[in-house]
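J.: Quick one: the structure is below, questions incoming.
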Amino acid sequence: MGEQYNNDNNNVTLKENSGYPKKTRSITFRLDSSVINELQREADQKEISLNVLVNQALKRYEEWDRYESRIGMIPVPKVMLSSLIDKSIKIAKNTGIKDIEPYRDEIIKSAAEIAFSIMKDAL
């Protein structure tokens, strides 16, 4: 990850590859044993520490998951979204719109831009 830079009062500053210091902190949580066991199995499967897995999960919550319900989003698997876009293109072709296939990537990019704009405006 990075090298230890400073350690005081359970705060550790790590130097990232970018050269900017990244502070970490030790904290204790009480969790259900079944949750810990499942997280440990996942960490073992991914060959990472439990600490790294929990940090990744909390980072995802901080960056994304906590906003989903606020703006009415639901997780949609990539394969489902891709299939919907492909089906829409097929319908467009069948109704007489020609040469729409090259716009597939543009449609995906526009959809992402709209989603991020909605997220930004909702917060």
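As shown in the structure tokens, the chain order sets the letters A, B, ...; within each chain, residues go from 1, and ligands are also counted from 1 in the order they appear.
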At a cut-off of 10 Å, using only C-alpha atoms, what residues contact range 108-117 of chain A? Leave out same-chain residues fewer than 5 positions from it and give the result as a ChimeraX atom specification.
T.: /A:71,73,81-82,85,103,122
J.: Using DSSP secondary structure from the backbone, list all strand (DSSP E or B) positions within range 1-117 of chain A, as a list in words.
T.: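 Assigned to strand (DSSP E or B), within range 1-117 of chain A: Glu3, Gln4, Tyr5, Asn6, Asn7, Asp8, Asn11, Val12, Thr13, Leu14, Lys15, Pro21, Lys22, Lys23, Thr24 and Arg25 of chain A.
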J.: Restricting the output to N, CA and C atoms, write the selected residues as a short mmCIF file (atom, residue, chain, number, x, y, z; two decimals), in the first residue's frame.
T.:
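New file out_27.cif:
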```cif
data_model
loop_
_atom_site.label_atom_id
_atom_site.label_comp_id
_atom_site.auth_asym_id
_atom_site.auth_seq_id
_atom_site.Cartn_x
_atom_site.Cartn_y
_atom_site.Cartn_z
N GLU A 3 4.00 3.52 2.70
CA GLU A 3 4.91 3.34 3.81
C GLU A 3 4.43 4.17 4.99
N GLN A 4 4.74 3.69 6.23
CA GLN A 4 4.31 4.42 7.41
C GLN A 4 5.04 5.75 7.47
N TYR A 5 4.33 6.79 7.77
CA TYR A 5 4.87 8.14 7.76
C TYR A 5 4.88 8.73 9.15
N ASN A 6 3.82 8.53 9.91
CA ASN A 6 3.69 9.10 11.24
C ASN A 6 2.71 8.25 12.03
N ASN A 7 2.91 8.13 13.34
CA ASN A 7 2.00 7.34 14.16
C ASN A 7 1.82 8.03 15.49
N ASP A 8 0.61 8.59 15.74
CA ASP A 8 0.33 9.21 17.01
C ASP A 8 -1.14 9.04 17.37
N ASN A 11 -3.65 7.32 15.14
CA ASN A 11 -3.70 7.87 13.79
C ASN A 11 -2.40 7.50 13.09
N VAL A 12 -2.50 6.99 11.89
CA VAL A 12 -1.33 6.64 11.11
C VAL A 12 -1.43 7.36 9.78
N THR A 13 -0.36 8.02 9.38
CA THR A 13 -0.34 8.67 8.09
C THR A 13 0.49 7.82 7.15
N LEU A 14 -0.10 7.44 6.05
CA LEU A 14 0.58 6.62 5.05
C LEU A 14 0.89 7.48 3.84
N LYS A 15 2.01 7.22 3.23
CA LYS A 15 2.35 7.93 2.01
C LYS A 15 1.92 7.07 0.84
N PRO A 21 0.07 12.45 1.63
CA PRO A 21 -0.17 11.61 2.80
C PRO A 21 -1.64 11.22 2.93
N LYS A 22 -1.88 10.02 3.39
CA LYS A 22 -3.24 9.51 3.61
C LYS A 22 -3.32 9.09 5.06
N LYS A 23 -4.21 9.70 5.82
CA LYS A 23 -4.33 9.38 7.24
C LYS A 23 -5.26 8.19 7.43
N THR A 24 -4.89 7.32 8.34
CA THR A 24 -5.75 6.22 8.76
C THR A 24 -5.90 6.31 10.27
N ARG A 25 -6.89 5.60 10.80
CA ARG A 25 -7.17 5.61 12.22
C ARG A 25 -7.62 4.23 12.66
#
```
J.: Measure the distance from CA of Asp65 in chain A to CA of Val79 in chain A in Å and round it to one decimal.
T.: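 Computing it gives 19.8 Å between the two atoms.
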J.: Which residue is closest to Asp105 in chain A? Choose from A:Met119, A:Asp86, A:Glu62, A:Pro77 and count only C-alpha atoms.
T.: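 Using only C-alpha atoms, the shortest distance to Asp105 in chain A belongs to A:Asp86.
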J.: Please extract the residues of chain A with a backbone DSSP assignment of helix (DSSP H, G or I) and present them as a ChimeraX atom specification.
T.: /A:33-46,50-71,78-94,101-122
J.: Mind giving me the straight-line distance from CA of Asn51 in chain A to CA of Arg66 in chain A in Å, one decimal?
T.: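 CA of Asn51 in chain A sits 20.6 Å away from CA of Arg66 in chain A.
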J.: To one decimal place, how far is CA of Pro102 in chain A from CA of Ile74 in chain A in Å?
T.: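 Separation between CA of Pro102 in chain A and CA of Ile74 in chain A: 27.9 Å.
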J.: Which of these residues is nearest to Ile118 in chain A, using only C-alpha atoms: A:Glu63, A:Glu68, A:Glu101, A:Leu50?
T.: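 Closest to Ile118 in chain A, using only C-alpha atoms: A:Glu68.
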J.: Counting only C-alpha atoms, figure out which residue out of A:Leu31, A:Ile97, A:Ala57, A:Val76 gets nearest to Ala43 in chain A.
T.: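 The answer is A:Ala57, which sits nearest to Ala43 in chain A.
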